[in-house]
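Below is my_file-v3.txt, which holds compact mmCIF, C-alpha atoms (C1' of nucleotides).
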# COMPACT_ATOMS: atom_id res chain seq x y z
CA MET I 15 -3.67 32.66 25.97
CA THR I 16 -0.55 32.34 23.91
CA ARG I 17 2.74 33.57 25.15
CA GLY I 18 5.69 34.89 23.25
CA PRO I 19 5.91 37.11 20.20
CA ALA I 20 3.41 37.08 17.36
CA LYS I 21 4.31 35.79 13.88
CA GLN I 22 6.23 38.30 11.84
CA PHE I 23 4.38 37.36 8.66
CA ASP I 24 0.80 37.04 7.48
CA THR I 25 -0.03 33.35 7.20
CA GLU I 26 -2.62 33.75 4.45
CA MET I 27 -0.40 36.09 2.48
CA ALA I 28 2.44 33.56 2.65
CA LEU I 29 0.07 30.82 1.52
CA ILE I 30 -0.93 32.84 -1.52
CA GLN I 31 2.71 33.41 -2.42
CA ALA I 32 3.33 29.68 -2.11
CA MET I 33 0.30 28.99 -4.28
CA GLU I 34 1.74 31.17 -7.02
CA VAL I 35 5.00 29.20 -7.01
CA PHE I 36 3.19 25.85 -7.15
CA TRP I 37 0.92 27.25 -9.85
CA GLU I 38 3.83 28.42 -11.94
CA HIS I 39 6.15 25.43 -11.60
CA GLY I 40 4.06 22.51 -10.37
CA TYR I 41 4.60 20.58 -7.17
CA GLU I 42 7.84 18.75 -7.92
CA ALA I 43 9.61 21.57 -9.70
CA ALA I 44 8.74 24.09 -6.99
CA SER I 45 11.79 23.94 -4.73
CA LEU I 46 11.83 24.89 -1.09
CA SER I 47 14.30 27.67 -1.83
CA GLN I 48 11.91 29.19 -4.39
CA LEU I 49 9.03 28.89 -1.97
CA LEU I 50 10.94 30.45 0.91
CA ALA I 51 12.22 33.29 -1.24
CA ARG I 52 8.74 34.16 -2.55
CA MET I 53 7.07 33.71 0.81
CA GLY I 54 9.76 35.76 2.51
CA ILE I 55 9.99 33.52 5.57
CA GLY I 56 12.52 31.14 7.09
CA LYS I 57 12.56 27.40 6.65
CA LYS I 58 11.69 26.67 10.24
CA SER I 59 8.72 29.01 10.12
CA LEU I 60 7.40 27.20 7.07
CA TYR I 61 7.64 23.78 8.67
CA ASP I 62 6.19 25.02 11.99
CA THR I 63 3.29 26.77 10.28
CA PHE I 64 2.40 24.46 7.40
CA GLY I 65 3.92 21.08 8.27
CA ASN I 66 5.91 20.10 5.20
CA LYS I 67 6.05 20.72 1.48
CA GLN I 68 3.17 18.42 0.64
CA ALA I 69 0.91 19.85 3.36
CA LEU I 70 1.71 23.35 2.14
CA PHE I 71 0.89 22.28 -1.38
CA LEU I 72 -2.44 20.83 -0.30
CA LYS I 73 -3.40 24.07 1.45
CA ALA I 74 -2.32 26.09 -1.59
CA LEU I 75 -4.22 23.78 -3.93
CA GLU I 76 -7.33 24.04 -1.80
CA HIS I 77 -7.08 27.81 -1.81
CA TYR I 78 -6.68 27.87 -5.58
CA ALA I 79 -9.51 25.45 -6.30
CA GLN I 80 -11.97 27.12 -3.98
CA THR I 81 -11.19 30.57 -5.33
CA MET I 82 -11.41 29.49 -8.97
CA ASN I 83 -14.44 27.26 -8.59
CA ARG I 84 -16.34 29.97 -6.71
CA HIS I 85 -15.40 32.51 -9.36
CA ILE I 86 -16.63 30.27 -12.15
CA ARG I 87 -19.80 29.41 -10.28
CA ASP I 88 -20.50 33.11 -9.73
CA ARG I 89 -19.93 33.87 -13.38
CA LEU I 90 -22.13 31.05 -14.69
CA LEU I 91 -24.95 30.75 -12.21
CA THR I 92 -25.94 34.37 -12.17
CA GLN I 93 -28.82 36.32 -13.62
CA GLY I 94 -29.20 36.84 -17.35
CA SER I 95 -28.88 34.53 -20.30
CA PRO I 96 -27.08 31.29 -19.28
CA LEU I 97 -25.48 30.95 -22.69
CA ALA I 98 -24.31 34.56 -22.64
CA ASN I 99 -22.78 33.95 -19.21
CA LEU I 100 -20.97 30.90 -20.54
CA GLU I 101 -19.75 32.92 -23.50
CA GLN I 102 -18.45 35.59 -21.14
CA LEU I 103 -16.61 32.98 -19.10
CA LEU I 104 -14.99 31.37 -22.12
CA LEU I 105 -13.83 34.75 -23.41
CA GLU I 106 -12.38 35.55 -20.00
CA TRP I 107 -10.63 32.17 -19.93
CA GLN I 108 -9.25 32.82 -23.39
CA THR I 109 -7.90 36.21 -22.37
CA MET I 110 -6.44 34.95 -19.10
CA HIS I 111 -4.61 31.96 -20.55
CA GLY I 112 -3.87 33.41 -23.94
CA GLN I 113 -1.49 36.09 -22.80
CA PRO I 114 2.23 35.35 -22.66
CA GLY I 115 3.47 34.35 -19.24
CA SER I 116 0.26 32.52 -18.44
CA TYR I 117 0.73 29.61 -16.06
CA GLY I 118 -2.35 27.68 -17.08
CA CYS I 119 -4.67 26.12 -14.52
CA MET I 120 -3.00 24.98 -11.32
CA LEU I 121 -5.07 21.79 -11.35
CA GLY I 122 -3.99 20.81 -14.84
CA THR I 123 -0.37 21.80 -14.33
CA ASN I 124 -0.11 19.48 -11.35
CA ILE I 125 -1.84 16.48 -12.88
CA ALA I 126 1.47 15.47 -14.40
CA ASP I 127 3.04 15.32 -10.96
CA PHE I 128 0.34 13.20 -9.33
CA ASN I 129 -0.95 10.47 -11.56
CA THR I 130 -3.48 7.91 -10.49
CA ASP I 131 -1.00 6.02 -8.36
CA ASP I 132 -0.61 8.89 -5.89
CA GLY I 133 -4.03 8.03 -4.50
CA ALA I 134 -4.60 10.83 -2.01
CA ILE I 135 -3.68 13.88 -4.04
CA ALA I 136 -5.08 12.51 -7.28
CA LYS I 137 -8.38 12.08 -5.45
CA ILE I 138 -8.33 15.72 -4.37
CA LEU I 139 -7.62 16.85 -7.93
CA ARG I 140 -10.50 14.70 -9.19
CA GLY I 141 -12.80 16.27 -6.63
CA TYR I 142 -12.08 19.80 -7.77
CA LEU I 143 -12.42 18.84 -11.43
CA GLN I 144 -15.73 17.17 -10.64
CA GLN I 145 -16.98 20.37 -9.01
CA LEU I 146 -16.08 22.22 -12.17
CA GLU I 147 -17.91 19.70 -14.33
CA ASP I 148 -20.98 19.99 -12.13
CA VAL I 149 -21.09 23.76 -12.46
CA PHE I 150 -20.82 23.46 -16.23
CA CYS I 151 -23.60 20.89 -16.25
CA THR I 152 -25.91 23.08 -14.19
CA ALA I 153 -25.27 26.06 -16.45
CA LEU I 154 -25.91 24.01 -19.58
CA THR I 155 -29.14 22.64 -18.15
CA GLN I 156 -30.26 26.20 -17.46
CA ALA I 157 -29.32 27.15 -21.00
CA GLN I 158 -31.45 24.32 -22.30
CA ALA I 159 -34.35 25.42 -20.13
CA ALA I 160 -33.96 28.91 -21.57
CA GLY I 161 -34.11 27.47 -25.06
CA GLU I 162 -30.56 28.57 -25.85
CA VAL I 163 -29.10 25.11 -26.31
CA SER I 164 -30.71 22.22 -28.14
CA LEU I 165 -32.63 19.82 -25.92
CA THR I 166 -31.19 16.89 -27.84
CA ALA I 167 -27.76 17.57 -26.37
CA ASN I 168 -26.77 15.70 -23.22
CA PRO I 169 -25.80 18.42 -20.71
CA ARG I 170 -23.63 16.08 -18.63
CA ASP I 171 -21.55 15.02 -21.62
CA LEU I 172 -21.43 18.59 -22.86
CA ALA I 173 -20.09 19.63 -19.46
CA ARG I 174 -17.39 16.96 -19.74
CA LEU I 175 -16.46 18.31 -23.14
CA LEU I 176 -16.23 21.80 -21.70
CA LEU I 177 -14.04 20.49 -18.87
CA CYS I 178 -11.58 18.83 -21.24
CA THR I 179 -11.56 21.80 -23.57
CA THR I 180 -10.96 24.42 -20.90
CA GLN I 181 -8.20 22.34 -19.32
CA GLY I 182 -6.64 21.89 -22.75
CA MET I 183 -6.83 25.64 -23.33
CA ALA I 184 -5.09 26.41 -20.06
CA LEU I 185 -2.43 23.83 -20.83
CA LEU I 186 -1.70 25.06 -24.35
CA GLY I 187 -1.75 28.64 -23.14
CA ARG I 188 1.42 27.88 -21.18
CA VAL I 189 3.40 27.15 -24.29
CA MET I 190 1.79 29.16 -27.08
CA GLU I 191 3.31 32.47 -28.08
CA ASP I 192 0.09 34.31 -28.87
CA ASP I 193 -3.61 33.81 -28.28
CA THR I 194 -4.42 32.57 -31.79
CA THR I 195 -5.05 28.98 -30.74
CA LEU I 196 -7.24 29.88 -27.79
CA LYS I 197 -9.23 32.49 -29.70
CA GLY I 198 -10.00 29.99 -32.43
CA THR I 199 -10.95 27.36 -29.89
CA VAL I 200 -13.44 29.62 -28.14
CA ALA I 201 -14.87 30.87 -31.43
CA ALA I 202 -15.46 27.32 -32.66
CA ALA I 203 -16.90 26.17 -29.34
CA LEU I 204 -19.35 29.07 -29.19
CA ALA I 205 -20.37 28.53 -32.80
CA LEU I 206 -21.09 24.85 -32.13
CA LEU I 207 -23.05 25.58 -28.96
CA GLN I 208 -25.21 28.26 -30.52
CA ALA I 209 -25.93 26.52 -33.79
CA ARG I 210 -28.57 23.96 -33.32
CA MET E 281 36.54 1.62 -40.21
CA THR E 282 35.66 1.49 -36.56
CA ARG E 283 37.72 -0.44 -34.14
CA GLY E 284 36.87 -2.03 -30.85
CA PRO E 285 33.74 -3.88 -29.74
CA ALA E 286 30.25 -3.00 -30.89
CA LYS E 287 27.68 -1.44 -28.55
CA GLN E 288 26.12 -3.98 -26.26
CA PHE E 289 22.72 -2.35 -26.57
CA ASP E 290 20.38 -1.29 -29.34
CA THR E 291 20.47 2.51 -29.57
CA GLU E 292 16.93 2.86 -30.88
CA MET E 293 15.57 0.43 -28.32
CA ALA E 294 17.23 2.39 -25.53
CA LEU E 295 15.76 5.60 -26.91
CA ILE E 296 12.28 4.12 -26.83
CA GLN E 297 12.74 3.06 -23.22
CA ALA E 298 13.89 6.57 -22.37
CA MET E 299 10.89 8.00 -24.19
CA GLU E 300 8.58 5.93 -22.00
CA VAL E 301 10.16 7.31 -18.83
CA PHE E 302 9.92 10.91 -20.05
CA TRP E 303 6.37 10.22 -21.19
CA GLU E 304 5.37 8.82 -17.82
CA HIS E 305 7.06 11.33 -15.54
CA GLY E 306 7.88 14.39 -17.60
CA TYR E 307 11.33 15.84 -18.18
CA GLU E 308 12.17 17.18 -14.73
CA ALA E 309 10.74 14.32 -12.73
CA ALA E 310 12.45 11.68 -14.88
CA SER E 311 15.70 11.06 -13.00
CA LEU E 312 18.85 9.69 -14.53
CA SER E 313 18.64 6.63 -12.28
CA GLN E 314 15.16 5.84 -13.60
CA LEU E 315 16.31 6.36 -17.17
CA LEU E 316 19.38 4.18 -16.74
CA ALA E 317 17.43 1.42 -15.04
CA ARG E 318 14.78 1.32 -17.77
CA MET E 319 17.29 1.66 -20.60
CA GLY E 320 19.50 -1.00 -19.06
CA ILE E 321 22.75 0.82 -19.81
CA GLY E 322 25.48 2.55 -17.84
CA LYS E 323 25.74 6.23 -17.21
CA LYS E 324 28.80 6.72 -19.37
CA SER E 325 27.17 4.94 -22.28
CA LEU E 326 24.20 7.28 -22.07
CA TYR E 327 26.36 10.39 -22.12
CA ASP E 328 28.60 9.05 -24.90
CA THR E 329 25.65 8.03 -27.04
CA PHE E 330 23.09 10.77 -26.46
CA GLY E 331 25.01 13.73 -25.05
CA ASN E 332 23.16 14.68 -21.90
CA LYS E 333 19.72 14.47 -20.34
CA GLN E 334 18.26 17.32 -22.37
CA ALA E 335 19.62 16.00 -25.67
CA LEU E 336 18.24 12.57 -24.84
CA PHE E 337 14.89 14.14 -24.07
CA LEU E 338 14.87 16.00 -27.37
CA LYS E 339 15.54 12.79 -29.29
CA ALA E 340 12.85 10.98 -27.32
CA LEU E 341 10.39 13.82 -27.87
CA GLU E 342 11.09 13.85 -31.57
CA HIS E 343 10.54 10.11 -31.77
CA TYR E 344 7.26 10.41 -29.89
CA ALA E 345 5.93 13.32 -31.91
CA GLN E 346 6.84 11.85 -35.27
CA THR E 347 5.33 8.48 -34.39
CA MET E 348 2.12 9.98 -33.02
CA ASN E 349 1.69 12.61 -35.71
CA ARG E 350 2.23 10.08 -38.45
CA HIS E 351 -0.25 7.72 -36.83
CA ILE E 352 -2.90 10.41 -36.58
CA ARG E 353 -2.24 11.57 -40.13
CA ASP E 354 -2.61 8.00 -41.38
CA ARG E 355 -5.85 7.56 -39.49
CA LEU E 356 -7.41 10.81 -40.67
CA LEU E 357 -6.17 11.31 -44.20
CA THR E 358 -7.12 7.90 -45.51
CA GLN E 359 -9.84 6.62 -47.76
CA GLY E 360 -13.47 6.59 -46.67
CA SER E 361 -15.66 9.13 -44.94
CA PRO E 362 -13.53 11.89 -43.35
CA LEU E 363 -15.96 12.34 -40.50
CA ALA E 364 -16.05 8.59 -39.85
CA ASN E 365 -12.26 8.57 -39.75
CA LEU E 366 -12.29 11.40 -37.25
CA GLU E 367 -14.84 9.55 -35.17
CA GLN E 368 -12.64 6.47 -35.21
CA LEU E 369 -9.66 8.49 -34.08
CA LEU E 370 -11.53 10.14 -31.21
CA LEU E 371 -12.81 6.78 -30.02
CA GLU E 372 -9.29 5.39 -30.15
CA TRP E 373 -8.00 8.41 -28.25
CA GLN E 374 -10.73 7.91 -25.66
CA THR E 375 -9.83 4.25 -25.21
CA MET E 376 -6.10 4.91 -25.05
CA HIS E 377 -6.23 7.69 -22.47
CA GLY E 378 -9.30 6.51 -20.61
CA GLN E 379 -7.81 3.36 -19.19
CA PRO E 380 -6.14 3.46 -15.77
CA GLY E 381 -2.40 3.87 -15.91
CA SER E 382 -2.57 6.12 -18.95
CA TYR E 383 0.25 8.63 -19.13
CA GLY E 384 -1.51 11.15 -21.32
CA CYS E 385 0.20 12.78 -24.28
CA MET E 386 3.93 13.28 -23.92
CA LEU E 387 3.64 16.74 -25.45
CA GLY E 388 1.04 17.89 -22.96
CA THR E 389 2.72 16.27 -19.98
CA ASN E 390 5.92 18.17 -20.68
CA ILE E 391 4.36 21.57 -21.33
CA ALA E 392 4.41 22.22 -17.61
CA ASP E 393 8.18 21.69 -17.54
CA PHE E 394 8.99 24.01 -20.42
CA ASN E 395 6.93 27.14 -20.38
CA THR E 396 7.33 29.96 -22.82
CA ASP E 397 10.54 31.17 -21.23
CA ASP E 398 12.47 28.02 -22.21
CA GLY E 399 12.59 29.27 -25.77
CA ALA E 400 14.15 26.36 -27.61
CA ILE E 401 12.14 23.45 -26.27
CA ALA E 402 8.89 25.37 -26.09
CA LYS E 403 9.37 26.13 -29.77
CA ILE E 404 9.74 22.44 -30.58
CA LEU E 405 6.61 21.60 -28.62
CA ARG E 406 4.72 24.33 -30.49
CA GLY E 407 5.91 22.89 -33.79
CA TYR E 408 4.55 19.43 -33.06
CA LEU E 409 1.26 20.83 -31.80
CA GLN E 410 0.99 22.93 -34.95
CA GLN E 411 1.47 19.82 -37.09
CA LEU E 412 -1.37 18.20 -35.21
CA GLU E 413 -3.62 21.20 -35.74
CA ASP E 414 -2.82 21.19 -39.45
CA VAL E 415 -3.81 17.55 -39.82
CA PHE E 416 -7.08 18.21 -38.03
CA CYS E 417 -7.72 21.18 -40.29
CA THR E 418 -7.09 19.19 -43.46
CA ALA E 419 -9.39 16.41 -42.28
CA LEU E 420 -12.15 18.87 -41.40
CA THR E 421 -11.85 20.58 -44.76
CA GLN E 422 -12.23 17.20 -46.44
CA ALA E 423 -15.26 16.50 -44.26
CA GLN E 424 -16.78 19.77 -45.40
CA ALA E 425 -16.05 18.91 -49.03
CA ALA E 426 -17.82 15.59 -48.47
CA GLY E 427 -20.81 17.44 -47.04
CA GLU E 428 -20.38 15.86 -43.61
CA VAL E 429 -19.66 19.07 -41.73
CA SER E 430 -21.46 22.36 -42.17
CA LEU E 431 -19.76 24.79 -44.54
CA THR E 432 -20.49 27.62 -42.15
CA ALA E 433 -17.97 26.22 -39.68
CA ASN E 434 -14.41 27.55 -39.81
CA PRO E 435 -12.21 24.45 -40.23
CA ARG E 436 -9.12 26.16 -38.84
CA ASP E 437 -10.86 27.19 -35.63
CA LEU E 438 -12.53 23.81 -35.41
CA ALA E 439 -9.11 22.20 -35.66
CA ARG E 440 -7.90 24.39 -32.80
CA LEU E 441 -10.86 23.29 -30.74
CA LEU E 442 -10.02 19.68 -31.48
CA LEU E 443 -6.42 20.29 -30.48
CA CYS E 444 -7.35 21.77 -27.12
CA THR E 445 -9.96 19.12 -26.48
CA THR E 446 -7.73 16.15 -27.29
CA GLN E 447 -4.91 17.58 -25.18
CA GLY E 448 -7.35 18.13 -22.34
CA MET E 449 -8.58 14.54 -22.70
CA ALA E 450 -5.06 13.15 -22.51
CA LEU E 451 -4.33 15.32 -19.49
CA LEU E 452 -7.46 14.38 -17.55
CA GLY E 453 -6.95 10.73 -18.47
CA ARG E 454 -3.85 10.75 -16.30
CA VAL E 455 -5.79 11.47 -13.16
CA MET E 456 -9.28 10.08 -13.74
CA GLU E 457 -10.16 6.68 -12.32
CA ASP E 458 -12.41 5.52 -15.13
CA ASP E 459 -13.21 6.54 -18.69
CA THR E 460 -16.50 8.27 -17.87
CA THR E 461 -15.19 11.78 -18.48
CA LEU E 462 -13.49 10.93 -21.74
CA LYS E 463 -16.39 8.91 -23.06
CA GLY E 464 -18.77 11.78 -22.40
CA THR E 465 -16.39 14.23 -24.00
CA VAL E 466 -16.12 12.25 -27.21
CA ALA E 467 -19.86 11.61 -27.33
CA ALA E 468 -20.62 15.31 -26.99
CA ALA E 469 -17.97 16.32 -29.50
CA LEU E 470 -19.23 13.88 -32.11
CA ALA E 471 -22.82 14.94 -31.52
CA LEU E 472 -21.90 18.58 -32.07
CA LEU E 473 -19.90 17.83 -35.21
CA GLN E 474 -22.58 15.67 -36.78
CA ALA E 475 -25.62 17.73 -35.86
CA ARG E 476 -26.60 19.87 -38.73
C1' DC H 100 11.00 42.35 36.45
C1' DC H 101 11.42 37.64 35.04
C1' DT H 102 10.40 33.67 33.19
C1' DA H 103 8.31 30.62 29.94
C1' DA H 104 6.29 30.11 25.52
C1' DC H 105 6.92 31.25 21.01
C1' DT H 106 9.39 32.71 16.81
C1' DT H 107 13.37 33.22 14.03
C1' DA H 108 17.80 32.60 11.52
C1' DG H 109 20.87 29.61 9.91
C1' DA H 110 23.93 25.59 10.56
C1' DC H 111 23.45 20.98 9.61
C1' DC H 112 21.76 16.26 7.74
C1' DA H 113 21.39 12.33 4.53
C1' DA H 114 19.79 11.57 0.03
C1' DT H 115 19.67 12.59 -4.58
C1' DC H 116 20.49 15.38 -8.56
C1' DA H 117 23.08 15.73 -13.29
C1' DG H 118 27.42 15.01 -14.92
C1' DT H 119 32.71 13.52 -15.14
C1' DC H 120 36.62 10.59 -15.10
C1' DA H 121 39.96 7.03 -14.64
C1' DA H 122 40.61 2.19 -14.98
C1' DT H 123 39.26 -1.95 -17.17
C1' DC H 124 37.56 -4.73 -20.72
C1' DT H 125 36.68 -6.24 -25.53
C1' DC H 126 37.25 -6.97 -30.06
C1' DA H 127 38.26 -5.43 -35.08
C1' DA H 128 42.14 -4.30 -38.05
C1' DC H 129 46.65 -5.12 -39.39
C1' DG X 228 49.12 -12.02 -32.05
C1' DT X 229 49.66 -7.58 -31.08
C1' DT X 230 47.71 -3.18 -30.84
C1' DG X 231 44.73 0.49 -29.96
C1' DA X 232 40.04 2.49 -30.58
C1' DG X 233 35.82 2.10 -28.69
C1' DA X 234 32.66 0.39 -24.86
C1' DT X 235 31.66 -0.40 -20.07
C1' DT X 236 31.72 -0.09 -15.13
C1' DG X 237 31.56 2.24 -10.97
C1' DA X 238 33.71 5.57 -8.05
C1' DC X 239 33.56 10.36 -7.66
C1' DT X 240 32.22 15.50 -8.01
C1' DG X 241 29.83 19.69 -6.47
C1' DA X 242 25.34 21.35 -6.17
C1' DT X 243 20.74 20.95 -4.55
C1' DT X 244 16.91 18.41 -2.72
C1' DG X 245 13.46 18.16 1.44
C1' DG X 246 13.76 18.17 6.25
C1' DT X 247 15.73 18.68 11.31
C1' DC X 248 17.67 20.94 15.13
C1' DT X 249 20.20 24.04 18.04
C1' DA X 250 20.90 28.57 19.66
C1' DA X 251 19.54 33.13 20.01
C1' DG X 252 15.94 36.60 20.10
C1' DT X 253 11.32 38.42 21.36
C1' DT X 254 7.35 39.34 23.96
C1' DA X 255 3.35 38.27 26.73
C1' DG X 256 1.68 36.69 31.45
C1' DG X 257 2.41 36.57 36.30
Same coordinates, now as structure tokens:
Amino acid sequence: MTRGPAKQFDTEMALIQAMEVFWEHGYEAASLSQLLARMGIGKKSLYDTFGNKQALFLKALEHYAQTMNRHIRDRLLTQGSPLANLEQLLLEWQTMHGQPGSYGCMLGTNIADFNTDDGAIAKILRGYLQQLEDVFCTALTQAQAAGEVSLTANPRDLARLLLCTTQGMALLGRVMEDDTTLKGTVAAALALLQAR
Amino acid sequence: MTRGPAKQFDTEMALIQAMEVFWEHGYEAASLSQLLARMGIGKKSLYDTFGNKQALFLKALEHYAQTMNRHIRDRLLTQGSPLANLEQLLLEWQTMHGQPGSYGCMLGTNIADFNTDDGAIAKILRGYLQQLEDVFCTALTQAQAAGEVSLTANPRDLARLLLCTTQGMALLGRVMEDDTTLKGTVAAALALLQAR
DNA sequence: CCTAACTTAGACCAATCAGTCAATCTCAAC
DNA sequence: GTTGAGATTGACTGATTGGTCTAAGTTAGG
């Protein structure tokens, strides 16, 4: 089939390294030199393999979103009490983004770089956020069915609230010194959800 | 006292223009050319008047934070029902950040550019966010005193939840096409606060 | 073995970045 | 009116940006 030598690097591994740089710094602030250094490959290899910076970013973003959304879906839509699953997820989110050196959520971090005007990429970001909202909504509906959340609450709106809150948590986690803010946030959210 | 001609531009006006650019694009992405164009002044004038890009940003950030924090304080800690005041504020926030072309909150937008490692600026951002949390906490305590919010709720944690949620709203407003997400978020938040 | 397809390293490109400086201009104080 | 401090303009700096391209190296297929 193909002639010549094989690639000297693992494509998927390099993509993950690139994802980490974009995650940490955002699209604009992630320079090619940083990307190349972390990926451990040459400039030409990057352009031959991934196209250009934006194409690489899109692949990295897709990898991040699919991984995270699947993880959250698995955590929420599993056996056991829906509300307890949600509680587990929020506590995990609090721990993950509350520790120093947290980079927040890659979706949120990059929203600043691609506002509504950048049609294409903004649309992709919206899609992933919508997926997240849908998972939350499904979980909340199940919690209502299980009698764990009041039936008077609108699960769709509640899911939107959860989306905003979790994104805000990830964002603030980037700048906060300790996990006080996030711990309080999760405690209050759980208290509100459980009280009826 | 001073000799020579007066400045040909209004310093405070120029600062506000600069603030808008930083607000829209964030610190890193706001280029000097954009700043100069919007401020309508020459490069030398900028450096003579404000120091450098970072000093200009700090002044712009301070102006933004003081204006916004004072506005929110005025809205919340005024006469009338504390909970109704909070409701008014959330609806205003929803309207402001739900419309297309919204730039979100300047604090949140710039968190991505200055993570915990950038000690000085991160500290300033934390300070302004803390002020916001404190105002929320005071308002919630008043709402409890007025019997509008359950006494079992922890006002400090509730304030932290409000902080994360409002920052998340401003962030998502940057990328969302319509105000559906934000409207739902506010509706759910108000329902949870009022239910009791 | 030998060649052609493929990869790689690094020189190179124009554009832009933040920031500086010298020359010019303007006007208030004396 | 003269003078000189302050303001303005635009050319200029070195570094860095994302991206291209040439030349050399490597290895599989015939």
Discussion item. At a cut-off of 7 Å, which residues of chain E touch chain I? Count only C-alpha atoms and give the answer as a ChimeraX atom specification.
Written reply: /E:381,389,391-392,395-396,402,406,437-438,440-441,444-445,447-449,454-456,461,464-465,467-469,472
With all atoms listed in the file counted and 12 Å as the cut-off, give the residues of chain X in contact with chain I, each with its shortest interatomic distance in Å and the pair that gives it, as JSON lines.
{"residue": "X:DT243", "atom": "C1'", "partner": "I:Ser45", "partner_atom": "CA", "distance": 9.4}
{"residue": "X:DT244", "atom": "C1'", "partner": "I:Ser45", "partner_atom": "CA", "distance": 7.8}
{"residue": "X:DG245", "atom": "C1'", "partner": "I:Leu46", "partner_atom": "CA", "distance": 7.4}
{"residue": "X:DG246", "atom": "C1'", "partner": "I:Asn66", "partner_atom": "CA", "distance": 8.2}
{"residue": "X:DT247", "atom": "C1'", "partner": "I:Lys58", "partner_atom": "CA", "distance": 9.0}
{"residue": "X:DC248", "atom": "C1'", "partner": "I:Lys58", "partner_atom": "CA", "distance": 9.6}
{"residue": "X:DT249", "atom": "C1'", "partner": "I:Lys58", "partner_atom": "CA", "distance": 11.8}
{"residue": "X:DG252", "atom": "C1'", "partner": "I:Pro19", "partner_atom": "CA", "distance": 10.0}
{"residue": "X:DT253", "atom": "C1'", "partner": "I:Pro19", "partner_atom": "CA", "distance": 5.7}
{"residue": "X:DT254", "atom": "C1'", "partner": "I:Pro19", "partner_atom": "CA", "distance": 4.6}
{"residue": "X:DA255", "atom": "C1'", "partner": "I:Arg17", "partner_atom": "CA", "distance": 5.0}
{"residue": "X:DG256", "atom": "C1'", "partner": "I:Arg17", "partner_atom": "CA", "distance": 7.1}
{"residue": "X:DG257", "atom": "C1'", "partner": "I:Arg17", "partner_atom": "CA", "distance": 11.6}
Worksheet item: Counting all atoms listed in the file, what is within 12 Å of stretch 236-238 of chain X, bar same-chain residues fewer than 6 positions away, as a list in words?
Response: Ile321, Gly322, Lys323, Lys324 and Ser325 of chain E; DT119, DC120, DA121, DA122, DT123 and DC124 of chain H
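The point (19.2, 12.4, -23.8) has these residues within 10 Å of it, counting only C-alpha atoms (C1' of nucleotides): E:Leu295, E:Ala298, E:Met299, E:Leu312, E:Leu315, E:Leu326, E:Tyr327, E:Thr329, E:Phe330, E:Gly331, E:Asn332, E:Lys333, E:Gln334, E:Ala335, E:Leu336, E:Phe337, E:Leu338, E:Lys339, E:Ala340, E:Leu341.
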Item to complete: Figure out the distance between atom CA of E:Gln368 and atom CA of E:Arg355, please, to one decimal in Å.
Response: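 We find that atom CA of E:Arg355 and atom CA of E:Gln368 lie 8.1 Å from each other.
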Worksheet entry | Two-atom distance - atom CA of I:Phe150, atom CA of I:Arg84 (Å) |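 Here the two named atoms are 12.4 Å from each other.
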Practice prompt. Give the residues of chain H that lie within 10 Å of chain I; count all atoms listed in the file, and format the answer as a list in words.
Written response: DA103, DA104, DC105, DT106, DT107, DA108 and DG109 of chain H
Practice prompt. Could you tell me how far atom CA of I:Gln113 lies from atom CA of I:His85, in Å and to one decimal?
Written response: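 So the answer is 19.7 Å.
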Worksheet item: Can you tell me, as an MDAnalysis selection string, what residues are no more than 10 Å from X:DT230 when counting only C-alpha atoms (C1' of nucleotides), ignoring any on the same chain fewer than 2 positions away?
Response: (chainID H and resid 128:129) or (chainID X and resid 228 232)
Name the residues in contact with E:Val415 at a cut-off of 10 Å, using only C-alpha atoms (C1' of nucleotides), excluding same-chain residues fewer than 2 positions from it; report them as a PDB file with C-alpha atoms, in the frame of the given file.
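This is the output file around35.pdb:
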ATOM      1  CA  ASN E 349       1.690  12.610 -35.710  1.00  0.00           C
ATOM      2  CA  ARG E 350       2.230  10.080 -38.450  1.00  0.00           C
ATOM      3  CA  ILE E 352      -2.900  10.410 -36.580  1.00  0.00           C
ATOM      4  CA  ARG E 353      -2.240  11.570 -40.130  1.00  0.00           C
ATOM      5  CA  ASP E 354      -2.610   8.000 -41.380  1.00  0.00           C
ATOM      6  CA  LEU E 356      -7.410  10.810 -40.670  1.00  0.00           C
ATOM      7  CA  LEU E 357      -6.170  11.310 -44.200  1.00  0.00           C
ATOM      8  CA  GLN E 410       0.990  22.930 -34.950  1.00  0.00           C
ATOM      9  CA  GLN E 411       1.470  19.820 -37.090  1.00  0.00           C
ATOM     10  CA  LEU E 412      -1.370  18.200 -35.210  1.00  0.00           C
ATOM     11  CA  GLU E 413      -3.620  21.200 -35.740  1.00  0.00           C
ATOM     12  CA  CYS E 417      -7.720  21.180 -40.290  1.00  0.00           C
ATOM     13  CA  THR E 418      -7.090  19.190 -43.460  1.00  0.00           C
ATOM     14  CA  ALA E 419      -9.390  16.410 -42.280  1.00  0.00           C
ATOM     15  CA  LEU E 420     -12.150  18.870 -41.400  1.00  0.00           C
ATOM     16  CA  THR E 421     -11.850  20.580 -44.760  1.00  0.00           C
ATOM     17  CA  ALA E 439      -9.110  22.200 -35.660  1.00  0.00           C
TER      18      ALA E 439
END
Item to complete: Select, from I:Met27, I:Leu204, I:Asn99, I:Tyr78, the residue with the minimum atom-to-atom distance to I:Cys119, counting only C-alpha atoms.
Response: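 Looking at the shortest contact to I:Cys119, the residue is I:Tyr78.
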